[in-house]
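Enquirer: Got a file for you: model_24.cif, mmCIF, C-alpha atoms.
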data_input
#
loop_
_atom_site.label_atom_id
_atom_site.label_comp_id
_atom_site.auth_asym_id
_atom_site.auth_seq_id
_atom_site.Cartn_x
_atom_site.Cartn_y
_atom_site.Cartn_z
CA MET A 148 34.51 40.58 20.62
CA ALA A 149 30.91 41.05 21.50
CA ALA A 150 28.70 38.03 21.28
CA THR A 151 26.23 37.89 18.42
CA LYS A 152 24.14 35.11 19.87
CA PHE A 153 23.01 33.88 23.25
CA ARG A 154 21.37 30.79 24.60
CA LEU A 155 17.65 30.64 25.29
CA ARG A 156 16.33 27.90 27.55
CA ILE A 157 12.65 27.57 28.29
CA VAL A 158 11.79 25.14 31.07
CA THR A 159 8.44 24.31 32.62
CA PRO A 160 7.93 22.16 35.71
CA GLU A 161 7.08 19.28 33.38
CA ARG A 162 9.91 19.53 30.89
CA LEU A 163 12.59 21.39 29.02
CA LEU A 164 10.76 22.98 26.11
CA LEU A 165 13.54 24.71 24.27
CA ASP A 166 17.33 25.08 24.35
CA GLU A 167 18.64 27.07 21.40
CA GLU A 168 21.09 29.72 20.25
CA VAL A 169 19.17 32.88 19.43
CA GLU A 170 19.88 36.49 18.55
CA GLU A 171 16.93 38.28 20.05
CA VAL A 172 14.10 37.64 22.48
CA MET A 173 11.00 39.67 23.27
CA ALA A 174 9.40 38.45 26.47
CA PRO A 175 6.19 39.31 28.34
CA GLY A 176 7.42 40.86 31.58
CA ASP A 177 4.91 41.29 34.36
CA THR A 178 5.24 45.05 34.04
CA GLY A 179 5.54 45.17 30.27
CA GLU A 180 7.26 43.56 27.36
CA PHE A 181 11.07 43.62 27.30
CA GLY A 182 13.70 42.71 24.79
CA VAL A 183 16.94 40.81 25.30
CA LEU A 184 19.95 40.99 23.02
CA PRO A 185 23.39 39.39 23.39
CA ASP A 186 25.53 40.65 26.30
CA HIS A 187 22.50 41.69 28.28
CA ILE A 188 23.13 42.69 31.89
CA ALA A 189 22.28 40.11 34.61
CA PHE A 190 18.56 40.38 34.97
CA LEU A 191 15.85 38.64 36.97
CA THR A 192 12.20 39.32 36.39
CA VAL A 193 8.68 38.08 36.87
CA LEU A 194 6.89 37.13 33.68
CA GLY A 195 3.23 37.61 33.03
CA PRO A 196 1.19 35.40 30.79
CA GLY A 197 1.75 36.41 27.18
CA ARG A 198 3.67 35.92 24.00
CA LEU A 199 7.40 35.31 23.80
CA MET A 200 9.16 35.85 20.50
CA TYR A 201 12.66 34.68 19.70
CA ARG A 202 14.70 35.18 16.59
CA ALA A 203 17.63 33.26 15.18
CA GLY A 204 18.71 34.60 11.80
CA ASP A 205 15.52 35.22 9.82
CA GLN A 206 13.61 32.65 11.80
CA ARG A 207 11.10 34.11 14.21
CA GLN A 208 9.21 31.81 16.57
CA MET A 209 6.33 32.52 18.91
CA ILE A 210 5.74 30.80 22.19
CA ALA A 211 2.83 31.24 24.57
CA VAL A 212 4.11 31.62 28.13
CA PHE A 213 1.76 31.33 31.09
CA GLY A 214 3.67 33.39 33.63
CA GLY A 215 6.87 32.55 35.46
CA TYR A 216 10.35 34.03 35.72
CA ALA A 217 13.17 34.94 33.42
CA GLU A 218 16.82 35.07 34.33
CA VAL A 219 19.47 36.49 32.07
CA ALA A 220 23.09 35.91 33.02
CA ASP A 221 26.31 35.40 31.06
CA ASN A 222 24.53 35.21 27.72
CA VAL A 223 22.12 32.56 28.87
CA MET A 224 18.48 33.45 29.21
CA THR A 225 16.50 30.95 31.24
CA VAL A 226 12.74 31.19 31.24
CA LEU A 227 11.15 29.37 34.15
CA ALA A 228 7.63 29.20 32.81
CA ASP A 229 4.61 27.91 34.71
CA GLY A 230 3.64 26.51 31.35
CA ALA A 231 4.60 27.18 27.74
CA GLU A 232 3.52 26.07 24.28
CA PHE A 233 4.88 26.57 20.79
CA ALA A 234 2.56 28.79 18.76
CA ARG A 235 2.56 26.28 15.92
CA GLN A 236 1.07 23.68 18.24
CA ILE A 237 -1.77 25.90 19.37
CA ASP A 238 -5.27 25.43 17.99
CA ILE A 239 -6.26 29.08 17.79
CA ASP A 240 -9.95 28.44 17.19
CA ALA A 241 -10.15 26.22 20.25
CA ALA A 242 -8.31 28.89 22.23
CA LYS A 243 -10.73 31.59 21.05
CA ARG A 244 -13.71 29.46 21.96
CA ALA A 245 -12.26 28.70 25.38
CA TYR A 246 -11.52 32.39 25.85
CA GLU A 247 -15.11 33.41 25.07
CA GLU A 248 -16.49 30.71 27.35
CA GLY A 249 -14.18 31.72 30.16
CA LYS A 250 -15.04 35.38 29.69
CA SER A 251 -18.78 34.87 29.90
CA ALA A 252 -18.31 32.57 32.89
CA LEU A 253 -16.22 35.22 34.59
CA ASP A 254 -18.75 37.98 33.88
CA THR A 255 -21.47 36.17 35.74
CA MET A 256 -19.19 35.11 38.54
CA ASP A 257 -18.85 36.71 41.92
CA VAL A 258 -15.39 38.21 42.50
CA GLY A 259 -15.12 36.32 45.77
CA ALA A 260 -16.19 33.00 44.27
CA PRO A 261 -13.75 30.16 44.96
CA GLU A 262 -13.24 29.37 41.28
CA PHE A 263 -12.86 33.03 40.28
CA GLU A 264 -9.07 33.03 40.50
CA SER A 265 -8.61 29.78 38.61
CA THR A 266 -11.04 30.90 35.89
CA ARG A 267 -9.21 34.20 35.56
CA ARG A 268 -5.88 32.39 35.28
CA ALA A 269 -7.32 30.05 32.65
CA LEU A 270 -8.56 33.10 30.76
CA ASP A 271 -5.08 34.65 30.88
CA ARG A 272 -3.67 31.42 29.47
CA GLU A 273 -6.10 31.44 26.57
CA ALA A 274 -5.29 35.10 25.90
CA ALA A 275 -1.58 34.22 25.81
CA ARG A 276 -2.30 31.35 23.41
CA ILE A 277 -4.27 33.62 21.12
CA ALA A 278 -1.60 36.34 21.22
CA ALA A 279 1.13 33.85 20.35
CA ALA A 280 -0.78 32.01 17.66
CA SER A 281 -2.38 34.96 15.88
CA GLU A 282 0.86 36.72 15.01
CA LYS A 283 2.48 35.23 11.94
CA PRO A 284 6.22 34.86 12.37
CA MET B 240 -7.64 -35.51 50.10
CA ALA B 241 -9.72 -32.87 48.33
CA SER B 242 -11.88 -34.13 45.54
CA LEU B 243 -10.66 -34.00 41.99
CA LYS B 244 -13.37 -31.56 41.02
CA ALA B 245 -12.55 -29.17 43.86
CA ILE B 246 -8.89 -29.11 42.93
CA ARG B 247 -9.70 -28.45 39.29
CA LYS B 248 -11.91 -25.56 40.27
CA ARG B 249 -9.16 -24.21 42.46
CA ILE B 250 -6.64 -24.31 39.60
CA VAL B 251 -9.00 -22.40 37.33
CA SER B 252 -9.52 -19.77 39.98
CA VAL B 253 -5.79 -19.33 40.66
CA ARG B 254 -5.15 -19.10 36.95
CA ASN B 255 -7.73 -16.32 36.64
CA THR B 256 -6.12 -14.43 39.48
CA GLN B 257 -2.77 -14.88 37.84
CA GLN B 258 -4.05 -13.35 34.63
CA ILE B 259 -5.20 -10.32 36.55
CA THR B 260 -1.91 -9.89 38.42
CA LYS B 261 0.00 -10.33 35.20
CA ALA B 262 -2.07 -7.64 33.49
CA MET B 263 -1.66 -5.32 36.47
CA LYS B 264 2.06 -5.87 36.40
CA MET B 265 2.24 -4.90 32.76
CA VAL B 266 0.09 -1.82 33.25
CA ALA B 267 2.20 -0.77 36.21
CA ALA B 268 5.38 -1.26 34.19
CA ALA B 269 4.09 1.00 31.43
CA LYS B 270 2.95 3.64 33.90
CA LEU B 271 6.22 3.38 35.77
CA ARG B 272 8.19 4.15 32.64
CA ARG B 273 6.12 7.27 32.02
CA ALA B 274 6.34 8.33 35.66
CA GLN B 275 10.12 7.89 35.64
CA GLU B 276 10.40 10.05 32.55
CA ALA B 277 8.31 12.71 34.25
CA VAL B 278 10.67 12.68 37.24
CA VAL B 279 13.68 13.14 34.99
CA ARG B 280 12.04 15.86 32.90
CA SER B 281 11.10 17.86 35.98
CA ARG B 282 14.70 18.19 37.09
CA ALA B 283 15.69 21.02 34.73
CA TYR B 284 13.17 23.41 36.23
CA ALA B 285 13.82 22.37 39.81
CA GLU B 286 17.56 22.71 39.48
CA LYS B 287 17.30 26.13 37.89
CA ILE B 288 14.92 27.58 40.43
CA GLY B 289 17.15 26.19 43.19
CA GLU B 290 20.08 27.93 41.57
CA VAL B 291 18.22 31.23 41.37
CA VAL B 292 17.12 31.04 45.00
CA ALA B 293 20.66 30.12 46.07
CA GLY B 294 21.90 33.16 44.17
CA LEU B 295 19.59 35.33 46.24
CA ALA B 296 20.23 33.57 49.53
CA SER B 297 22.48 36.32 50.84
CA GLU B 298 19.76 38.94 50.33
CA ALA B 299 18.39 40.17 53.64
CA SER B 300 14.83 40.24 52.31
CA LEU B 301 15.11 36.52 51.56
CA ARG B 302 16.73 35.53 54.83
CA GLU B 303 14.20 37.52 56.81
CA HIS B 304 11.22 36.41 54.74
CA ALA B 305 8.27 35.00 56.68
CA LEU B 306 8.55 31.71 54.82
CA VAL B 307 12.25 31.35 55.62
CA ARG B 308 12.66 32.57 59.19
CA GLU B 309 13.13 29.72 61.66
CA ARG B 310 10.67 29.39 64.50
CA THR B 311 11.96 27.86 67.70
CA PRO B 312 10.82 25.68 69.21
CA GLU B 313 8.94 23.82 66.51
CA ALA B 314 6.05 22.81 68.72
CA ARG B 315 3.14 22.64 66.30
CA ILE B 316 3.81 20.73 63.14
CA MET B 317 1.88 19.86 60.03
CA LEU B 318 2.88 16.67 58.28
CA ILE B 319 1.79 16.22 54.70
CA MET B 320 1.66 12.55 53.75
CA LEU B 321 1.70 11.39 50.18
CA THR B 322 0.18 7.94 49.83
CA SER B 323 -1.79 6.23 47.09
CA ASP B 324 -5.52 6.00 46.54
CA ARG B 325 -5.33 2.38 45.56
CA GLY B 326 -3.87 -0.69 47.17
CA LEU B 327 -2.31 -3.81 45.69
CA CYS B 328 1.07 -2.17 45.69
CA GLY B 329 2.97 -4.25 48.21
CA GLY B 330 4.41 -2.47 51.21
CA PHE B 331 4.22 0.99 49.63
CA ASN B 332 1.65 2.52 51.97
CA THR B 333 2.62 0.41 54.96
CA ASN B 334 6.18 1.67 54.80
CA LEU B 335 4.98 5.27 54.59
CA ILE B 336 2.64 4.85 57.54
CA ARG B 337 5.38 3.21 59.57
CA GLN B 338 7.60 6.21 58.88
CA ALA B 339 4.76 8.56 59.82
CA GLU B 340 4.31 6.73 63.12
CA ARG B 341 7.99 7.26 63.89
CA PHE B 342 7.63 10.95 63.06
CA LEU B 343 4.54 11.30 65.24
CA ALA B 344 6.25 9.56 68.14
CA VAL B 345 8.85 12.32 68.60
CA PRO B 346 8.00 13.86 71.99
CA GLY B 347 7.48 17.51 72.78
CA ARG B 348 5.37 18.55 69.84
CA THR B 349 1.89 18.21 68.45
CA THR B 350 1.38 17.20 64.87
CA VAL B 351 -1.59 17.58 62.57
CA LEU B 352 -1.86 15.75 59.27
CA GLY B 353 -2.55 16.68 55.71
CA THR B 354 -3.22 13.49 53.81
CA ILE B 355 -2.89 13.06 50.08
CA GLY B 356 -4.25 9.75 48.89
CA ARG B 357 -6.92 7.60 50.46
CA LYS B 358 -4.65 5.13 52.24
CA ALA B 359 -3.23 7.60 54.75
CA PHE B 360 -6.68 9.08 55.32
CA ASP B 361 -8.26 5.68 55.94
CA PHE B 362 -5.54 4.78 58.40
CA TYR B 363 -5.64 7.98 60.45
CA LYS B 364 -9.29 8.99 60.34
CA ARG B 365 -10.15 6.86 63.37
CA ARG B 366 -7.02 7.64 65.32
CA SER B 367 -6.31 10.49 67.68
CA ILE B 368 -4.23 12.45 65.16
CA GLU B 369 -6.13 15.33 63.66
CA ILE B 370 -6.41 15.40 59.87
CA VAL B 371 -6.75 19.04 58.87
CA GLU B 372 -6.58 18.63 55.11
CA HIS B 373 -7.32 15.77 52.77
CA VAL B 374 -6.94 15.58 49.01
CA SER B 375 -7.40 12.56 46.81
CA ALA B 376 -4.21 11.63 44.96
CA ALA B 377 -6.00 11.29 41.64
CA SER B 378 -7.94 14.53 41.87
CA ALA B 379 -5.72 16.74 39.76
CA SER B 380 -2.58 16.94 37.69
CA PRO B 381 0.63 16.82 39.75
CA VAL B 382 1.25 20.53 39.11
CA ALA B 383 -2.22 21.55 40.27
CA LEU B 384 -2.00 19.17 43.21
CA ALA B 385 1.33 20.64 44.32
CA ARG B 386 -0.01 24.19 44.00
CA ASP B 387 -3.07 23.30 46.04
CA ILE B 388 -1.07 21.59 48.78
CA VAL B 389 1.37 24.46 49.11
CA ALA B 390 -1.38 27.08 49.14
CA ARG B 391 -3.16 25.31 51.99
CA ALA B 392 0.00 24.58 53.95
CA SER B 393 1.37 28.12 53.68
CA THR B 394 -1.94 29.58 54.80
CA ARG B 395 -1.64 27.56 57.98
CA PHE B 396 2.01 28.42 58.35
CA THR B 397 1.72 32.17 57.82
CA GLY B 398 -1.50 32.23 59.85
CA ASP B 399 0.62 30.97 62.76
CA GLU B 400 -1.38 27.78 63.19
CA VAL B 401 1.74 25.66 62.80
CA ASP B 402 5.45 26.33 63.27
CA ALA B 403 6.68 24.03 60.54
CA VAL B 404 5.41 21.98 57.64
CA TYR B 405 6.98 18.65 56.71
CA VAL B 406 6.27 16.39 53.80
CA LEU B 407 6.50 12.60 53.89
CA PHE B 408 6.76 10.85 50.56
CA SER B 409 8.27 7.82 48.96
CA ARG B 410 11.51 8.60 47.21
CA PHE B 411 11.95 6.58 44.06
CA ARG B 412 15.26 4.71 43.89
CA SER B 413 14.30 1.88 41.56
CA ALA B 414 11.40 -0.41 40.80
CA ILE B 415 12.33 -2.55 43.80
CA SER B 416 13.50 0.19 46.15
CA GLN B 417 11.38 3.09 47.38
CA VAL B 418 12.49 4.95 50.46
CA PRO B 419 10.02 6.79 52.71
CA THR B 420 11.52 10.25 53.19
CA VAL B 421 10.65 13.20 55.42
CA GLU B 422 11.61 16.69 54.31
CA ARG B 423 10.88 20.07 55.80
CA LEU B 424 8.99 22.39 53.47
CA LEU B 425 8.41 25.38 55.72
CA PRO B 426 10.21 27.30 56.94
CA ILE B 427 12.24 27.00 53.77
CA HIS B 428 15.79 25.77 54.20
CA ALA B 429 17.52 28.66 52.53
CA PRO B 430 20.16 27.15 50.27
CA ALA B 431 23.73 28.01 51.13
CA ALA B 432 24.56 31.41 49.69
CA VAL B 433 26.92 31.28 46.76
CA ASP B 434 30.28 32.94 47.25
CA HIS B 435 29.93 35.67 44.69
CA PRO B 436 26.28 36.35 44.19
CA ARG B 437 25.37 37.84 40.88
CA GLU B 438 24.30 41.46 40.90
CA TYR B 439 20.98 41.22 39.18
CA LEU B 440 18.83 43.94 37.82
CA PHE B 441 15.37 43.19 39.16
CA GLU B 442 12.04 43.83 37.55
CA PRO B 443 9.70 44.99 39.02
CA HIS B 444 11.67 45.04 42.29
CA ARG B 445 13.99 42.72 44.18
CA ASP B 446 11.57 42.07 47.03
CA ALA B 447 8.67 41.52 44.66
CA VAL B 448 10.68 38.91 42.77
CA ILE B 449 11.69 37.15 45.98
CA GLU B 450 8.13 37.35 47.26
CA SER B 451 6.86 35.58 44.18
CA LEU B 452 9.78 33.18 43.82
CA LEU B 453 9.71 31.57 47.28
CA PRO B 454 6.23 30.00 47.15
CA ARG B 455 7.06 28.69 43.70
CA TYR B 456 10.27 27.17 45.06
CA VAL B 457 8.23 25.24 47.63
CA GLU B 458 5.69 24.21 45.00
CA VAL B 459 8.41 22.71 42.86
CA LYS B 460 9.65 20.68 45.81
CA VAL B 461 6.18 19.32 46.41
CA PHE B 462 5.69 18.74 42.69
CA GLN B 463 8.82 16.63 42.59
CA ALA B 464 7.73 14.75 45.70
CA VAL B 465 4.40 14.02 44.01
CA LEU B 466 6.16 12.72 40.90
CA GLU B 467 8.53 10.56 42.93
CA SER B 468 5.61 9.24 44.89
CA ILE B 469 3.74 8.30 41.71
CA ALA B 470 6.80 6.55 40.29
CA SER B 471 7.30 4.73 43.60
CA GLU B 472 3.70 3.58 43.67
CA HIS B 473 3.92 2.08 40.20
CA GLY B 474 7.29 0.55 40.97
CA ALA B 475 5.96 -1.03 44.14
CA ARG B 476 2.87 -2.29 42.36
CA MET B 477 4.91 -3.76 39.54
CA THR B 478 7.16 -5.64 41.96
CA ALA B 479 4.22 -6.80 44.07
CA MET B 480 2.29 -8.05 41.05
CA GLU B 481 5.38 -9.71 39.66
CA SER B 482 5.80 -11.78 42.80
CA ALA B 483 2.05 -12.43 42.98
CA THR B 484 2.20 -13.83 39.45
CA LYS B 485 5.14 -16.00 40.42
CA ASN B 486 3.36 -17.24 43.52
CA ALA B 487 0.32 -18.11 41.43
CA SER B 488 2.52 -20.14 39.08
CA GLU B 489 3.94 -22.06 41.99
CA MET B 490 0.49 -22.65 43.37
CA ILE B 491 -0.80 -23.94 40.04
CA GLU B 492 2.16 -26.30 39.84
CA ARG B 493 1.50 -27.64 43.29
CA LEU B 494 -2.23 -28.01 42.68
CA THR B 495 -1.61 -29.76 39.37
CA LEU B 496 0.59 -32.24 41.15
CA GLU B 497 -2.07 -32.76 43.76
CA MET B 498 -4.71 -33.16 41.07
CA ASN B 499 -2.69 -35.78 39.25
CA ARG B 500 -2.17 -37.64 42.47
CA ALA B 501 -5.88 -37.57 43.22
CA ARG B 502 -6.63 -38.78 39.71
CA GLN B 503 -4.11 -41.56 40.05
CA ALA B 504 -5.63 -42.56 43.37
CA THR B 505 -9.10 -42.75 41.83
CA ILE B 506 -7.87 -44.90 38.98
CA THR B 507 -6.05 -47.18 41.36
CA LYS B 508 -9.12 -47.45 43.52
CA GLU B 509 -11.33 -48.30 40.55
CA LEU B 510 -8.88 -50.91 39.34
CA MET B 511 -8.79 -52.46 42.77
CA GLU B 512 -12.59 -52.60 42.79
CA ILE B 513 -12.74 -54.21 39.36
CA VAL B 514 -10.08 -56.75 40.29
CA GLY B 515 -11.75 -57.34 43.61
CA GLY B 516 -15.14 -57.81 41.91
CA ALA B 517 -13.70 -60.25 39.34
CA GLU B 518 -12.05 -62.23 42.14
CA ALA B 519 -15.35 -62.45 43.97
CA LEU B 520 -17.24 -63.70 40.89
CA LYS B 521 -14.61 -66.35 40.29
CA GLY B 522 -15.02 -67.79 43.74
#
Please render this file's structure as C-alpha cells.
Expert:
Amino acid sequence: MAATKFRLRIVTPERLLLDEEVEEVMAPGDTGEFGVLPDHIAFLTVLGPGRLMYRAGDQRQMIAVFGGYAEVADNVMTVLADGAEFARQIDIDAAKRAYEEGKSALDTMDVGAPEFESTRRALDREAARIAAASEKP
Amino acid sequence: MASLKAIRKRIVSVRNTQQITKAMKMVAAAKLRRAQEAVVRSRAYAEKIGEVVAGLASEASLREHALVRERTPEARIMLIMLTSDRGLCGGFNTNLIRQAERFLAVPGRTTVLGTIGRKAFDFYKRRSIEIVEHVSAASASPVALARDIVARASTRFTGDEVDAVYVLFSRFRSAISQVPTVERLLPIHAPAAVDHPREYLFEPHRDAVIESLLPRYVEVKVFQAVLESIASEHGARMTAMESATKNASEMIERLTLEMNRARQATITKELMEIVGGAEALKG
C-alpha cells in the first residue's frame, strides 16, 4: 500500500528544529519551489532562502528557511537548513523594518564592498521571514 | 613570625580572591552546561551532512573535486589553532600550544598558522612561525566564525598557497578531561563510499550540488570544533577555579592557625611582662 504520510526533519547547524509526520511539503528550491508528497523519488537539492510549507491533515505550517539542502529518501525528507524559524515566532514588523534598512544600505553600497555579500544574505533572510510570516496558514 | 595585623590582612585578601574564584567557577559551570547542550544539538546536522556526503563519495566529481584530491607531498601546511581569548582556565591553552609545538616539529614541511583566540596569537606572534590569519574567539557566533575560517582557509588552499589545512582544537570529553586534537580539514577526507549508493535525482545538477555541499561539510566540521573548544574552555575553567577555591580554603585555614598562634604568643608575652613587673615591684 502506498504511504499516506512521510517524515519531515528540519535541522540547522545549531539544532533539530522539527521532526514530524506530514502529508505534503512545499519547499523553496534554489531553482524554484517544489512539492514533495509521500513516496517521492530519492532527491537531493540545493535550497534557496524562502518559505517552506508543510501540511499534516488540515494543519498547514510555515517555516522560513535561509538556504541549505534537502534530501528526500525512503519517505524521509531531511532539510539541512543554514537557519530556519517557525513563522509563528517571527516578528513580521521587525523583519519588514530590517528588510527596508538592508535594502537602502545595499542601494548605496558598492557591489565590490566587503560587506556587500553579507548584507545581501541578510536581506534574503529578511525576505524569507516576511514570505513565511505574511502568509496565513 | 609575621605580625598579627599582617596575617589578618592576608586572610581578608585570600578570602576576597576565593570569592572571585568561586563566582568564576559558578559562571563557568553555567556556561559549560549551555556549551555542552550546543555540542549535542549540533550533532543531528553534522551526522546528516556526513551521511549525504558519504552517499555521494563514489561519484567521480566528488572524488576528483579540488577540495578532495590529495596533494603529495604535503609540504606547505596551514594549521588553524583554536584557543581562548581569556586565561584563568588551567592548562587549557598550554596543552593546545604543547600539541601545536609537536605538530610544528615534524620535519620536511613548512607550516603557517591561523590563530583563533588571543592566547595562541600572543604565544606565536614573537616566534619564527608565520601567522597568516588571526581572529578573536569572541568576535562572532560560532556559525559565522566557522564560515569565516573556512572561507579564508579554502582561499589559501585552492589558491595553491598551502597543500593541506589542519585544525587543532580541544576535544571535550568531560569537565575534567579535554584532549587537544589535530584533524585534517583540507583536502577533505572523503568518507568511505557506501556499498549501494542511492540513485538521487539532483536539482539543479549533481555537480552543482556537490560543489555547494563540500564547503558546507568542512564548515560543519569547524563549527563542531569551535563548539567543542568552547565547552572545553569552560570545563577547564570550572575545574581550575574549583581547585583554586579549594586551595584558598586551605590557605585560610593555615593562616587562621598561624594567626591564633601569634595571638596566643602575644598574650603569653604580655602575661609574662605583667608577672615580671609585679615580681620586680615586690622585690
Enquirer: Take CA of Leu194 in chain A and CA of Glu171 in chain A and report the distance between them in Å, one decimal.
Expert: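 Calculated distance between CA of Leu194 in chain A and CA of Glu171 in chain A is 17.0 Å.
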Enquirer: Do you know which residues the PyMOL selection byres ((chain B) within 7 of (chain A)) returns on this file, as a compact mmCIF listing (two decimals) with C-alpha atoms, in the coordinates of the input?
Expert:
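Heads up, here's the output in result16.txt:
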# COMPACT_ATOMS: atom_id res chain seq x y z
CA ALA B 277 8.31 12.71 34.25
CA ARG B 280 12.04 15.86 32.90
CA SER B 281 11.10 17.86 35.98
CA ALA B 283 15.69 21.02 34.73
CA TYR B 284 13.17 23.41 36.23
CA GLU B 438 24.30 41.46 40.90
CA TYR B 439 20.98 41.22 39.18
CA LEU B 440 18.83 43.94 37.82
CA PHE B 441 15.37 43.19 39.16
CA GLU B 442 12.04 43.83 37.55
CA PRO B 443 9.70 44.99 39.02
CA VAL B 448 10.68 38.91 42.77
Enquirer: Please report the interatomic distance between CA of Pro196 in chain A and CA of Asp221 in chain A in Å with one decimal.
Expert: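 So the answer is 25.1 Å.
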Enquirer: For Ile239 in chain A, list every protein, DNA or RNA residue within 9 Å, evaluated using only C-alpha atoms, and leave out those in the same chain fewer than 5 positions away; present the list as number ranges by chain.
Expert: A: 234, 244, 276-277, 280-281
Enquirer: Expanded to explicit residues, what is the PyMOL selection byres ((chain B and resi 486-503) around 9) for this file, as a PyMOL selection string?
Expert: chain B and resi 240-244+246-247+249-251+253-254+256-257+481-485+504-508
Enquirer: May I have the residues within 10 Å of Pro426 in chain B as a list in words, using only C-alpha atoms and disregarding those fewer than 4 positions away in the same chain?
Expert: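 Within the cut-off, the hits are His304, Ala305, Leu306, Val307, Arg308, Glu309, Arg310, Ser393, Phe396, Thr397, Asp402, Ala403, Val404, Tyr405 and Val457 of chain B.
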Enquirer: Need the shell around Arg267 in chain A: protein/DNA/RNA residues with any atom at most 9 Å away, counting all atoms listed in the file. Skip same-chain ones fewer than 4 positions apart. Format as a list in words?
Expert: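 Listing them by chain and then by number gives Gly249, Lys250, Leu253, Glu262, Phe263, Asp271 and Arg272 of chain A.
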Enquirer: Skip Ala429 in chain B itself and residues of its chain fewer than 3 positions away, then list as a PDB file with C-alpha atoms, in the frame of the given file all residues within 10 Å of it, counting all atoms listed in the file.
Expert:
ATOM      1  CA  GLY B 289      17.150  26.190  43.190  1.00  0.00           C
ATOM      2  CA  VAL B 292      17.120  31.040  45.000  1.00  0.00           C
ATOM      3  CA  ALA B 293      20.660  30.120  46.070  1.00  0.00           C
ATOM      4  CA  LEU B 295      19.590  35.330  46.240  1.00  0.00           C
ATOM      5  CA  ALA B 296      20.230  33.570  49.530  1.00  0.00           C
ATOM      6  CA  SER B 297      22.480  36.320  50.840  1.00  0.00           C
ATOM      7  CA  LEU B 301      15.110  36.520  51.560  1.00  0.00           C
ATOM      8  CA  ARG B 302      16.730  35.530  54.830  1.00  0.00           C
ATOM      9  CA  LEU B 306       8.550  31.710  54.820  1.00  0.00           C
ATOM     10  CA  VAL B 307      12.250  31.350  55.620  1.00  0.00           C
ATOM     11  CA  ARG B 308      12.660  32.570  59.190  1.00  0.00           C
ATOM     12  CA  PRO B 426      10.210  27.300  56.940  1.00  0.00           C
ATOM     13  CA  ALA B 432      24.560  31.410  49.690  1.00  0.00           C
ATOM     14  CA  LEU B 453       9.710  31.570  47.280  1.00  0.00           C
TER      15      LEU B 453
END
Enquirer: In Å, rounded to a single decimal, give me how far CA of Ala414 in chain B is from CA of Thr333 in chain B.
Expert: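 Separation between CA of Thr333 in chain B and CA of Ala414 in chain B: 16.7 Å.
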Enquirer: Kindly resolve the PyMOL selection byres ((chain B and resi 336-350) around 6) on the present coordinates and return the residues as a list of chain:residue names.
Expert: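 Checked against the file, the PyMOL selection byres ((chain B and resi 336-350) around 6) matches B:Ala314, B:Arg315, B:Ile316, B:Met317, B:Thr333, B:Asn334, B:Leu335, B:Val351.
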Enquirer: For the point (3.4, 11.1, 51.4) in the file's frame, write as a ChimeraX atom specification all residues with an atom no more than 7 Å away, counting all atoms listed in the file.
Expert: /B:319-322,335,355,406-409
Enquirer: Using only C-alpha atoms, please write the residues we just selected to a file, as an mmCIF file, keeping the file's coordinate frame.
Expert:
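New file selection_5.cif:
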data_model
loop_
_atom_site.group_PDB
_atom_site.id
_atom_site.type_symbol
_atom_site.label_atom_id
_atom_site.label_comp_id
_atom_site.auth_asym_id
_atom_site.auth_seq_id
_atom_site.Cartn_x
_atom_site.Cartn_y
_atom_site.Cartn_z
ATOM 1 C CA ILE B 319 1.790 16.220 54.700
ATOM 2 C CA MET B 320 1.660 12.550 53.750
ATOM 3 C CA LEU B 321 1.700 11.390 50.180
ATOM 4 C CA THR B 322 0.180 7.940 49.830
ATOM 5 C CA LEU B 335 4.980 5.270 54.590
ATOM 6 C CA ILE B 355 -2.890 13.060 50.080
ATOM 7 C CA VAL B 406 6.270 16.390 53.800
ATOM 8 C CA LEU B 407 6.500 12.600 53.890
ATOM 9 C CA PHE B 408 6.760 10.850 50.560
ATOM 10 C CA SER B 409 8.270 7.820 48.960
#
Enquirer: Take every atom of range 258-276 of chain A listed in the file, fit an axis-aligned box around them, add 4 Å per side, and give the centre and edge lengths in Å to one decimal as lines of an AutoDock Vina configuration file.
Expert:
center_x = -8.9
center_y = 33.8
center_z = 34.6
size_x = 22.6
size_y = 16.8
size_z = 30.4
Enquirer: Under the rule that all atoms listed in the file are counted, which of A:Glu247, A:Glu170, A:Asp205, A:Asp254 is the nearest residue to Leu270 in chain A?
Expert: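 Once distances to Leu270 in chain A are computed over all atoms listed in the file, the minimum belongs to A:Glu247.
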Enquirer: Measuring atom to atom with all atoms listed in the file, identify which of A:Val258, A:Ala252, A:Ala211, A:Met224 is nearest to Glu273 in chain A.
Expert: A:Ala211
Enquirer: Starting from the block above, write range 152-173 of chain A out to a file with C-alpha atoms, as a PDB file, in the first residue's frame, please.
Expert:
ATOM      1  CA  LYS A 152       2.498  10.238   5.194  1.00  0.00           C
ATOM      2  CA  PHE A 153       6.220  10.803   5.343  1.00  0.00           C
ATOM      3  CA  ARG A 154       8.649  12.148   7.865  1.00  0.00           C
ATOM      4  CA  LEU A 155       9.920  15.717   7.711  1.00  0.00           C
ATOM      5  CA  ARG A 156      13.057  16.613   9.630  1.00  0.00           C
ATOM      6  CA  ILE A 157      14.422  20.126   9.631  1.00  0.00           C
ATOM      7  CA  VAL A 158      17.888  20.502  11.120  1.00  0.00           C
ATOM      8  CA  THR A 159      20.109  23.546  11.368  1.00  0.00           C
ATOM      9  CA  PRO A 160      23.738  23.528  12.500  1.00  0.00           C
ATOM     10  CA  GLU A 161      22.512  24.664  15.914  1.00  0.00           C
ATOM     11  CA  ARG A 162      19.663  22.262  16.476  1.00  0.00           C
ATOM     12  CA  LEU A 163      16.943  19.935  15.322  1.00  0.00           C
ATOM     13  CA  LEU A 164      14.008  22.229  14.616  1.00  0.00           C
ATOM     14  CA  LEU A 165      11.335  19.799  13.571  1.00  0.00           C
ATOM     15  CA  ASP A 166      10.721  16.059  13.290  1.00  0.00           C
ATOM     16  CA  GLU A 167       7.153  15.255  12.292  1.00  0.00           C
ATOM     17  CA  GLU A 168       4.907  13.078  10.156  1.00  0.00           C
ATOM     18  CA  VAL A 169       3.494  15.168   7.333  1.00  0.00           C
ATOM     19  CA  GLU A 170       1.491  14.679   4.158  1.00  0.00           C
ATOM     20  CA  GLU A 171       2.834  17.400   1.939  1.00  0.00           C
ATOM     21  CA  VAL A 172       5.743  19.811   1.763  1.00  0.00           C
ATOM     22  CA  MET A 173       6.373  22.795  -0.486  1.00  0.00           C
TER      23      MET A 173
END
